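final.cif, holding mmCIF, C-alpha atoms and all ligand atoms:
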data_structure
loop_
_atom_site.group_PDB
_atom_site.id
_atom_site.type_symbol
_atom_site.label_atom_id
_atom_site.label_comp_id
_atom_site.auth_asym_id
_atom_site.auth_seq_id
_atom_site.Cartn_x
_atom_site.Cartn_y
_atom_site.Cartn_z
ATOM 1 C CA MET A 226 -4.480 6.556 -6.667
ATOM 2 C CA SER A 227 -1.151 8.289 -7.279
ATOM 3 C CA ASP A 228 0.263 11.281 -5.393
ATOM 4 C CA ALA A 229 1.930 12.328 -8.654
ATOM 5 C CA ILE A 230 5.406 12.440 -7.120
ATOM 6 C CA PRO A 231 7.889 12.326 -10.007
ATOM 7 C CA TYR A 232 10.406 9.470 -10.416
ATOM 8 C CA ILE A 233 8.556 6.971 -8.326
ATOM 9 C CA PRO A 234 10.420 3.676 -8.740
ATOM 10 C CA ASP A 235 8.460 0.936 -10.424
ATOM 11 C CA HIS A 236 9.797 -1.787 -8.127
ATOM 12 C CA VAL A 237 10.905 -1.248 -4.530
ATOM 13 C CA ALA A 238 12.398 -4.174 -2.593
ATOM 14 C CA ILE A 239 12.950 -3.993 1.154
ATOM 15 C CA ILE A 240 15.161 -5.868 3.592
ATOM 16 C CA MET A 241 13.121 -5.372 6.764
ATOM 17 C CA ASP A 242 15.786 -5.252 9.476
ATOM 18 C CA GLY A 243 15.988 -4.068 13.062
ATOM 19 C CA ASN A 244 12.985 -5.719 14.716
ATOM 20 C CA GLY A 245 15.122 -7.252 17.467
ATOM 21 C CA ARG A 246 16.963 -4.010 18.221
ATOM 22 C CA TRP A 247 13.682 -2.073 18.257
ATOM 23 C CA ALA A 248 12.369 -4.472 20.893
ATOM 24 C CA SER A 249 15.516 -4.617 23.038
ATOM 25 C CA GLN A 250 15.740 -0.796 23.095
ATOM 26 C CA ARG A 251 12.342 -0.898 24.792
ATOM 27 C CA GLY A 252 13.058 -3.839 27.084
ATOM 28 C CA LEU A 253 10.569 -5.961 25.118
ATOM 29 C CA PRO A 254 10.953 -9.520 23.806
ATOM 30 C CA ARG A 255 12.205 -9.826 20.200
ATOM 31 C CA PHE A 256 8.803 -11.178 19.213
ATOM 32 C CA GLU A 257 7.250 -7.809 19.977
ATOM 33 C CA GLY A 258 9.602 -6.246 17.413
ATOM 34 C CA HIS A 259 8.483 -8.749 14.766
ATOM 35 C CA ARG A 260 4.824 -8.191 15.672
ATOM 36 C CA ARG A 261 5.218 -4.439 15.279
ATOM 37 C CA GLY A 262 7.105 -5.200 12.075
ATOM 38 C CA VAL A 263 3.883 -6.572 10.605
ATOM 39 C CA ASP A 264 2.173 -3.225 11.345
ATOM 40 C CA ALA A 265 5.058 -1.476 9.557
ATOM 41 C CA LEU A 266 4.564 -3.831 6.625
ATOM 42 C CA ARG A 267 0.860 -2.937 6.427
ATOM 43 C CA ARG A 268 1.705 0.796 6.456
ATOM 44 C CA THR A 269 4.315 0.283 3.763
ATOM 45 C CA ILE A 270 1.963 -1.666 1.470
ATOM 46 C CA THR A 271 -0.634 1.097 1.783
ATOM 47 C CA ALA A 272 1.980 3.800 1.083
ATOM 48 C CA ALA A 273 3.269 1.877 -1.944
ATOM 49 C CA GLU A 274 -0.262 1.668 -3.350
ATOM 50 C CA GLU A 275 -0.863 5.373 -2.769
ATOM 51 C CA LEU A 276 2.444 6.369 -4.350
ATOM 52 C CA GLY A 277 1.829 4.307 -7.479
ATOM 53 C CA ILE A 278 4.688 1.839 -6.922
ATOM 54 C CA ARG A 279 3.834 -1.193 -9.077
ATOM 55 C CA PHE A 280 5.958 -3.864 -7.385
ATOM 56 C CA LEU A 281 6.853 -4.133 -3.692
ATOM 57 C CA THR A 282 9.063 -7.029 -2.577
ATOM 58 C CA VAL A 283 9.791 -7.745 1.086
ATOM 59 C CA TYR A 284 12.321 -10.144 2.629
ATOM 60 C CA SER A 285 10.110 -11.831 5.232
ATOM 61 C CA PHE A 286 12.072 -14.985 6.013
ATOM 62 C CA SER A 287 15.471 -15.835 4.585
ATOM 63 C CA SER A 288 16.903 -19.289 4.095
ATOM 64 C CA GLU A 289 19.455 -18.294 6.771
ATOM 65 C CA ASN A 290 16.728 -17.425 9.309
ATOM 66 C CA TRP A 291 16.468 -21.169 10.123
ATOM 67 C CA ARG A 292 19.617 -20.573 12.222
ATOM 68 C CA ARG A 293 17.522 -18.600 14.748
ATOM 69 C CA PRO A 294 16.166 -20.148 17.942
ATOM 70 C CA VAL A 295 13.289 -22.550 17.341
ATOM 71 C CA ALA A 296 10.889 -20.364 19.352
ATOM 72 C CA GLU A 297 11.656 -17.283 17.232
ATOM 73 C CA ILE A 298 11.172 -19.275 14.009
ATOM 74 C CA ALA A 299 7.797 -20.471 15.307
ATOM 75 C CA GLU A 300 6.847 -16.862 16.088
ATOM 76 C CA LEU A 301 7.775 -15.709 12.581
ATOM 77 C CA MET A 302 5.762 -18.574 11.049
ATOM 78 C CA GLY A 303 2.818 -17.658 13.296
ATOM 79 C CA LEU A 304 2.989 -14.033 12.167
ATOM 80 C CA LEU A 305 2.893 -15.083 8.521
ATOM 81 C CA ARG A 306 -0.103 -17.341 9.184
ATOM 82 C CA ARG A 307 -1.963 -14.549 10.961
ATOM 83 C CA PHE A 308 -1.002 -11.972 8.329
ATOM 84 C CA ILE A 309 -2.432 -14.081 5.506
ATOM 85 C CA ARG A 310 -5.533 -15.118 7.444
ATOM 86 C CA ASN A 311 -6.285 -11.546 8.570
ATOM 87 C CA ASP A 312 -5.192 -9.490 5.565
ATOM 88 C CA LEU A 313 -5.660 -11.625 2.455
ATOM 89 C CA ALA A 314 -9.319 -10.732 1.841
ATOM 90 C CA ASP A 315 -8.604 -7.017 2.263
ATOM 91 C CA LEU A 316 -5.553 -7.100 -0.023
ATOM 92 C CA HIS A 317 -7.603 -8.957 -2.630
ATOM 93 C CA ALA A 318 -10.390 -6.365 -2.364
ATOM 94 C CA ARG A 319 -7.733 -3.693 -2.958
ATOM 95 C CA ASN A 320 -6.743 -5.452 -6.208
ATOM 96 C CA VAL A 321 -3.287 -6.397 -4.834
ATOM 97 C CA ARG A 322 -1.624 -9.340 -6.588
ATOM 98 C CA ILE A 323 0.484 -11.512 -4.285
ATOM 99 C CA ARG A 324 3.540 -13.431 -5.513
ATOM 100 C CA VAL A 325 5.655 -15.636 -3.291
ATOM 101 C CA ILE A 326 9.333 -16.321 -3.964
ATOM 102 C CA GLY A 327 11.336 -18.916 -2.066
ATOM 103 C CA VAL A 328 11.197 -22.657 -1.594
ATOM 104 C CA ASP A 329 8.770 -24.971 0.208
ATOM 105 C CA ASP A 330 11.522 -27.106 1.819
ATOM 106 C CA GLY A 331 11.184 -27.059 5.599
ATOM 107 C CA LEU A 332 7.890 -25.156 5.644
ATOM 108 C CA SER A 333 4.880 -26.806 7.243
ATOM 109 C CA ALA A 334 2.121 -27.933 4.900
ATOM 110 C CA ASP A 335 -0.370 -25.356 6.194
ATOM 111 C CA ILE A 336 2.028 -22.468 5.469
ATOM 112 C CA VAL A 337 2.634 -23.764 1.939
ATOM 113 C CA ALA A 338 -1.143 -24.029 1.465
ATOM 114 C CA LEU A 339 -1.742 -20.484 2.751
ATOM 115 C CA LEU A 340 0.936 -19.029 0.476
ATOM 116 C CA ASP A 341 -0.519 -20.949 -2.499
ATOM 117 C CA GLU A 342 -4.016 -19.736 -1.656
ATOM 118 C CA ALA A 343 -2.814 -16.108 -1.485
ATOM 119 C CA GLU A 344 -1.142 -16.390 -4.895
ATOM 120 C CA LYS A 345 -4.071 -18.176 -6.543
ATOM 121 C CA LEU A 346 -6.791 -15.908 -5.151
ATOM 122 C CA THR A 347 -5.024 -12.725 -6.260
ATOM 123 C CA SER A 348 -3.407 -13.935 -9.492
ATOM 124 C CA SER A 349 -5.692 -11.888 -11.778
ATOM 125 C CA ASN A 350 -5.459 -8.662 -9.787
ATOM 126 C CA THR A 351 -3.997 -5.658 -11.552
ATOM 127 C CA GLY A 352 -2.980 -3.307 -8.728
ATOM 128 C CA LEU A 353 0.210 -3.426 -6.679
ATOM 129 C CA THR A 354 2.161 -6.676 -7.020
ATOM 130 C CA PHE A 355 3.265 -7.572 -3.503
ATOM 131 C CA VAL A 356 6.115 -10.073 -3.622
ATOM 132 C CA VAL A 357 6.725 -11.988 -0.401
ATOM 133 C CA ALA A 358 10.214 -13.499 -0.184
ATOM 134 C CA PHE A 359 9.625 -16.319 2.257
ATOM 135 C CA ASN A 360 12.164 -19.084 2.879
ATOM 136 C CA TYR A 361 14.094 -17.295 0.131
ATOM 137 C CA GLY A 362 17.797 -17.272 -0.618
ATOM 138 C CA SER A 363 19.296 -15.899 -3.800
ATOM 139 C CA ARG A 364 22.150 -18.399 -4.186
ATOM 140 C CA ARG A 365 19.721 -21.312 -3.932
ATOM 141 C CA GLU A 366 17.434 -19.597 -6.464
ATOM 142 C CA ILE A 367 20.337 -19.209 -8.920
ATOM 143 C CA ALA A 368 21.496 -22.807 -8.311
ATOM 144 C CA ASP A 369 17.961 -24.071 -9.023
ATOM 145 C CA ALA A 370 17.852 -22.061 -12.278
ATOM 146 C CA VAL A 371 21.249 -23.433 -13.341
ATOM 147 C CA ARG A 372 20.150 -27.000 -12.510
ATOM 148 C CA SER A 373 17.015 -26.607 -14.605
ATOM 149 C CA LEU A 374 19.037 -25.319 -17.591
ATOM 150 C CA ALA A 375 21.571 -28.135 -17.123
ATOM 151 C CA ALA A 376 18.732 -30.665 -17.219
ATOM 152 C CA ASP A 377 17.635 -29.256 -20.588
ATOM 153 C CA VAL A 378 21.216 -29.473 -21.849
ATOM 154 C CA ALA A 379 21.478 -33.081 -20.641
ATOM 155 C CA THR A 380 18.388 -34.109 -22.600
ATOM 156 C CA GLY A 381 19.613 -32.280 -25.695
ATOM 157 C CA ARG A 382 16.765 -29.720 -25.670
ATOM 158 C CA LEU A 383 19.251 -26.874 -25.161
ATOM 159 C CA GLN A 384 22.740 -26.156 -26.459
ATOM 160 C CA PRO A 385 25.131 -24.640 -23.865
ATOM 161 C CA SER A 386 26.040 -21.944 -26.415
ATOM 162 C CA ALA A 387 22.350 -20.920 -26.593
ATOM 163 C CA ILE A 388 22.089 -20.010 -22.897
ATOM 164 C CA THR A 389 21.357 -16.308 -22.449
ATOM 165 C CA GLU A 390 20.937 -13.933 -19.508
ATOM 166 C CA ASP A 391 17.208 -13.721 -20.261
ATOM 167 C CA MET A 392 16.972 -17.507 -20.107
ATOM 168 C CA ILE A 393 18.559 -17.533 -16.649
ATOM 169 C CA ALA A 394 16.287 -14.684 -15.475
ATOM 170 C CA GLY A 395 13.301 -16.637 -16.824
ATOM 171 C CA ARG A 396 14.108 -19.599 -14.558
ATOM 172 C CA LEU A 397 14.414 -17.516 -11.388
ATOM 173 C CA SER A 398 11.459 -17.340 -9.027
ATOM 174 C CA THR A 399 11.075 -13.666 -9.997
ATOM 175 C CA SER A 400 10.361 -14.534 -13.635
ATOM 176 C CA GLY A 401 8.053 -11.901 -15.095
ATOM 177 C CA ILE A 402 8.799 -9.378 -12.340
ATOM 178 C CA PRO A 403 11.013 -6.427 -13.355
ATOM 179 C CA ASP A 404 14.321 -6.040 -11.507
ATOM 180 C CA PRO A 405 14.074 -3.762 -8.459
ATOM 181 C CA ASP A 406 14.847 -0.104 -9.147
ATOM 182 C CA LEU A 407 15.407 0.580 -5.468
ATOM 183 C CA ILE A 408 16.460 -1.765 -2.662
ATOM 184 C CA ILE A 409 16.044 -0.399 0.857
ATOM 185 C CA ARG A 410 17.621 -1.996 3.905
ATOM 186 C CA THR A 411 16.493 -0.622 7.230
ATOM 187 C CA SER A 412 18.337 -0.389 10.570
ATOM 188 C CA GLY A 413 21.592 0.998 9.161
ATOM 189 C CA GLU A 414 23.024 -2.383 8.116
ATOM 190 C CA GLN A 415 24.673 -2.220 4.693
ATOM 191 C CA ARG A 416 24.619 -5.598 2.938
ATOM 192 C CA LEU A 417 22.322 -7.659 0.714
ATOM 193 C CA SER A 418 22.321 -10.874 2.772
ATOM 194 C CA ASN A 419 21.517 -13.253 -0.103
ATOM 195 C CA PHE A 420 18.574 -11.116 -1.339
ATOM 196 C CA LEU A 421 17.908 -10.783 -5.097
ATOM 197 C CA LEU A 422 21.608 -10.995 -6.017
ATOM 198 C CA TRP A 423 20.974 -11.498 -9.757
ATOM 199 C CA GLN A 424 18.087 -9.020 -9.875
ATOM 200 C CA ALA A 425 20.009 -6.296 -7.953
ATOM 201 C CA SER A 426 22.668 -5.828 -10.656
ATOM 202 C CA TYR A 427 21.553 -2.261 -11.399
ATOM 203 C CA SER A 428 19.370 -1.487 -8.402
ATOM 204 C CA GLU A 429 19.995 1.637 -6.385
ATOM 205 C CA LEU A 430 20.705 0.756 -2.751
ATOM 206 C CA VAL A 431 19.444 2.974 0.056
ATOM 207 C CA PHE A 432 20.329 2.193 3.673
ATOM 208 C CA SER A 433 17.818 3.713 6.042
ATOM 209 C CA PRO A 434 18.724 4.217 9.712
ATOM 210 C CA VAL A 435 15.085 3.591 10.693
ATOM 211 C CA LEU A 436 14.437 0.314 12.534
ATOM 212 C CA TRP A 437 11.824 -1.681 10.614
ATOM 213 C CA PRO A 438 8.977 -1.422 13.192
ATOM 214 C CA ASP A 439 9.182 2.395 12.834
ATOM 215 C CA PHE A 440 9.084 2.264 9.018
ATOM 216 C CA GLY A 441 6.161 3.659 7.049
ATOM 217 C CA ARG A 442 5.226 6.255 4.462
ATOM 218 C CA ASP A 443 7.648 8.958 5.688
ATOM 219 C CA ALA A 444 10.685 6.664 5.746
ATOM 220 C CA LEU A 445 9.679 5.245 2.354
ATOM 221 C CA LEU A 446 9.465 8.755 0.915
ATOM 222 C CA GLU A 447 12.880 9.599 2.362
ATOM 223 C CA ALA A 448 14.380 6.556 0.644
ATOM 224 C CA ILE A 449 12.656 7.510 -2.608
ATOM 225 C CA ASP A 450 14.056 11.057 -2.271
ATOM 226 C CA ALA A 451 17.560 9.567 -2.027
ATOM 227 C CA TYR A 452 16.816 7.373 -5.069
ATOM 228 C CA ARG A 453 15.511 10.271 -7.154
ATOM 229 C CA VAL A 454 18.800 12.160 -7.112
ATOM 230 C CA ARG A 455 20.825 9.104 -8.163
ATOM 231 C CA ASP A 456 22.157 9.053 -11.701
ATOM 232 C CA ARG A 457 21.258 5.604 -13.015
ATOM 233 C CA ARG A 458 23.686 4.804 -15.812
ATOM 234 C CA PHE A 459 23.266 1.031 -16.195
ATOM 235 C CA GLY A 460 26.959 0.937 -17.157
ATOM 236 C CA GLY A 461 26.515 3.591 -19.859
ATOM 237 C CA LEU A 462 26.820 7.362 -19.822
ATOM 238 C CA SER A 463 24.881 9.563 -17.460
ATOM 239 C CA ALA A 464 21.526 10.637 -18.921
ATOM 240 C CA ALA A 465 22.688 14.262 -18.733
ATOM 241 C CA ILE A 466 25.918 13.525 -20.655
ATOM 242 C CA GLY A 467 24.029 11.336 -23.117
ATOM 243 C CA ARG A 468 21.676 14.214 -23.892
ATOM 244 C CA SER A 469 24.497 16.729 -24.389
ATOM 245 C CA ARG A 470 26.388 14.641 -26.979
HETATM 246 C C1 LIG B 501 14.959 -8.763 10.779
HETATM 247 O O1 LIG B 501 14.999 -8.197 12.045
HETATM 248 C C2 LIG B 501 13.607 -9.209 10.454
HETATM 249 C C3 LIG B 501 13.253 -10.495 10.228
HETATM 250 C C4 LIG B 501 14.192 -11.617 10.288
HETATM 251 C C5 LIG B 501 11.889 -10.872 9.943
HETATM 252 C C6 LIG B 501 11.069 -9.867 9.204
HETATM 253 C C7 LIG B 501 9.672 -10.138 9.542
HETATM 254 C C8 LIG B 501 8.719 -9.216 9.741
HETATM 255 C C9 LIG B 501 8.881 -7.783 9.527
HETATM 256 C C10 LIG B 501 7.406 -9.626 10.223
HETATM 257 C C11 LIG B 501 6.905 -10.811 9.504
HETATM 258 C C12 LIG B 501 5.972 -10.460 8.453
HETATM 259 C C13 LIG B 501 5.372 -11.404 7.769
HETATM 260 C C14 LIG B 501 4.221 -11.112 6.925
HETATM 261 C C15 LIG B 501 5.870 -12.775 7.870
HETATM 262 P P1 LIG B 501 15.984 -8.797 13.115
HETATM 263 O O2 LIG B 501 15.231 -9.713 13.973
HETATM 264 O O3 LIG B 501 17.165 -9.422 12.440
HETATM 265 O O4 LIG B 501 16.419 -7.515 13.893
HETATM 266 P P2 LIG B 501 17.813 -7.256 14.612
HETATM 267 O O5 LIG B 501 18.873 -7.262 13.538
HETATM 268 O O6 LIG B 501 17.631 -5.914 15.232
HETATM 269 O O7 LIG B 501 17.999 -8.357 15.609
#
Could the structure of this file be written out as structure tokens, please?
Ligand code: FPP
Amino acid sequence: MSDAIPYIPDHVAIIMDGNGRWASQRGLPRFEGHRRGVDALRRTITAAEELGIRFLTVYSFSSENWRRPVAEIAELMGLLRRFIRNDLADLHARNVRIRVIGVDDGLSADIVALLDEAEKLTSSNTGLTFVVAFNYGSRREIADAVRSLAADVATGRLQPSAITEDMIAGRLSTSGIPDPDLIIRTSGEQRLSNFLLWQASYSELVFSPVLWPDFGRDALLEAIDAYRVRDRRFGGLSAAIGRSR
């Protein structure tokens, strides 16, 4: 179902930030902010489906999040477990395809199994592609891609001079997923924090003041409104100038 709003981005990626501040503003434990963050995620997935967004990527756990207190890490892992156990069947019934980007290192075996199950069960679905960045870091992703190309060079399967941008993109965990048109970071922070650094080359960045637990359809539409008036030139001329010449 599409609301027929023009210029809906094909791929929206979100850095979900501000859970801790949301909780502390209310005198609640940080965990409560993360828990309410899962509700915001559910609202955002539904809004993305309704708006006709084809790819939605969310930064759920970064490779740097291991620096948090052990108890908070355990809470975030527990939320992921519960999210997949509770929501997977419904997302599958809604024709949502789940992709996971990130590495298995450090994750417990049951989390790896749940993420694999979510990907396998939904792999043939044709609706929204929901990309979960979990234990993800962009520099590691790029290093892994470079290592894999270097291995091909070492065995003589690949000449260094033959390496192309497409070849690098094809070895990233996002292979087959178009680059994000719009990257939203919530909570007013303005940085990418090791998220999709290669893929963000021409993404429009929108920094929303909304704390993630308050995010939903309205805040998503506001970010899309900001995106719609941007002039995406991809290093070339503006579309308007291009047309007039
Ligand atoms: C940043 O807020 C948010 C995170 C580190 C985790 C994001 C996780 C969720 C929204 C819920 C988990 C969902 C799934 C499905 C795993 P912060 O804690 O850095 O907030 P702060 O900057 O205000 O402290």
Which residues form the shell of 8 Å around ligand LIG 501 (chain B) when you count all atoms listed in the file, given as a PDB file with C-alpha atoms, keeping the file's coordinate frame?
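See part_4.pdb below for the written result:
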ATOM      1  CA  ILE A 240      15.161  -5.868   3.592  1.00  0.00           C
ATOM      2  CA  MET A 241      13.121  -5.372   6.764  1.00  0.00           C
ATOM      3  CA  ASP A 242      15.786  -5.252   9.476  1.00  0.00           C
ATOM      4  CA  GLY A 243      15.988  -4.068  13.062  1.00  0.00           C
ATOM      5  CA  ASN A 244      12.985  -5.719  14.716  1.00  0.00           C
ATOM      6  CA  GLY A 245      15.122  -7.252  17.467  1.00  0.00           C
ATOM      7  CA  ARG A 246      16.963  -4.010  18.221  1.00  0.00           C
ATOM      8  CA  TRP A 247      13.682  -2.073  18.257  1.00  0.00           C
ATOM      9  CA  ALA A 248      12.369  -4.472  20.893  1.00  0.00           C
ATOM     10  CA  ARG A 255      12.205  -9.826  20.200  1.00  0.00           C
ATOM     11  CA  GLY A 258       9.602  -6.246  17.413  1.00  0.00           C
ATOM     12  CA  HIS A 259       8.483  -8.749  14.766  1.00  0.00           C
ATOM     13  CA  ARG A 260       4.824  -8.191  15.672  1.00  0.00           C
ATOM     14  CA  ARG A 261       5.218  -4.439  15.279  1.00  0.00           C
ATOM     15  CA  GLY A 262       7.105  -5.200  12.075  1.00  0.00           C
ATOM     16  CA  VAL A 263       3.883  -6.572  10.605  1.00  0.00           C
ATOM     17  CA  ALA A 265       5.058  -1.476   9.557  1.00  0.00           C
ATOM     18  CA  LEU A 266       4.564  -3.831   6.625  1.00  0.00           C
ATOM     19  CA  TYR A 284      12.321 -10.144   2.629  1.00  0.00           C
ATOM     20  CA  SER A 285      10.110 -11.831   5.232  1.00  0.00           C
ATOM     21  CA  PHE A 286      12.072 -14.985   6.013  1.00  0.00           C
ATOM     22  CA  SER A 287      15.471 -15.835   4.585  1.00  0.00           C
ATOM     23  CA  ASN A 290      16.728 -17.425   9.309  1.00  0.00           C
ATOM     24  CA  LEU A 301       7.775 -15.709  12.581  1.00  0.00           C
ATOM     25  CA  MET A 302       5.762 -18.574  11.049  1.00  0.00           C
ATOM     26  CA  GLY A 303       2.818 -17.658  13.296  1.00  0.00           C
ATOM     27  CA  LEU A 304       2.989 -14.033  12.167  1.00  0.00           C
ATOM     28  CA  LEU A 305       2.893 -15.083   8.521  1.00  0.00           C
ATOM     29  CA  ARG A 306      -0.103 -17.341   9.184  1.00  0.00           C
ATOM     30  CA  PHE A 308      -1.002 -11.972   8.329  1.00  0.00           C
ATOM     31  CA  ILE A 309      -2.432 -14.081   5.506  1.00  0.00           C
ATOM     32  CA  VAL A 357       6.725 -11.988  -0.401  1.00  0.00           C
ATOM     33  CA  PHE A 359       9.625 -16.319   2.257  1.00  0.00           C
ATOM     34  CA  SER A 412      18.337  -0.389  10.570  1.00  0.00           C
ATOM     35  CA  LEU A 436      14.437   0.314  12.534  1.00  0.00           C
ATOM     36  CA  TRP A 437      11.824  -1.681  10.614  1.00  0.00           C
ATOM     37  CA  PRO A 438       8.977  -1.422  13.192  1.00  0.00           C
TER      38      PRO A 438
END
* Using CA of Glu414 in chain A and CA of Asp369 in chain A as the two end points, give the distance in Å to one decimal. => 28.1 Å
* Asked: If the PyMOL selection byres (((chain A and resi 328) around 12) and not hetatm) is run on the structure shown, which residues does it catch, given as a ChimeraX atom specification?
  -> /A:286-288,325-327,329-333,336-337,340-341,357-363,365-366,369,397-398
* Asked: Hey, what's within 7 Å of Leu430 in chain A if we count all atoms listed in the file and toss same-chain stuff fewer than 5 positions away? As a list in words, please?
  -> Leu407, Ile408 and Ile409 of chain A
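When CA of Gly277 in chain A is paired with CA of Pro405 in chain A, their separation reads 14.7 Å.
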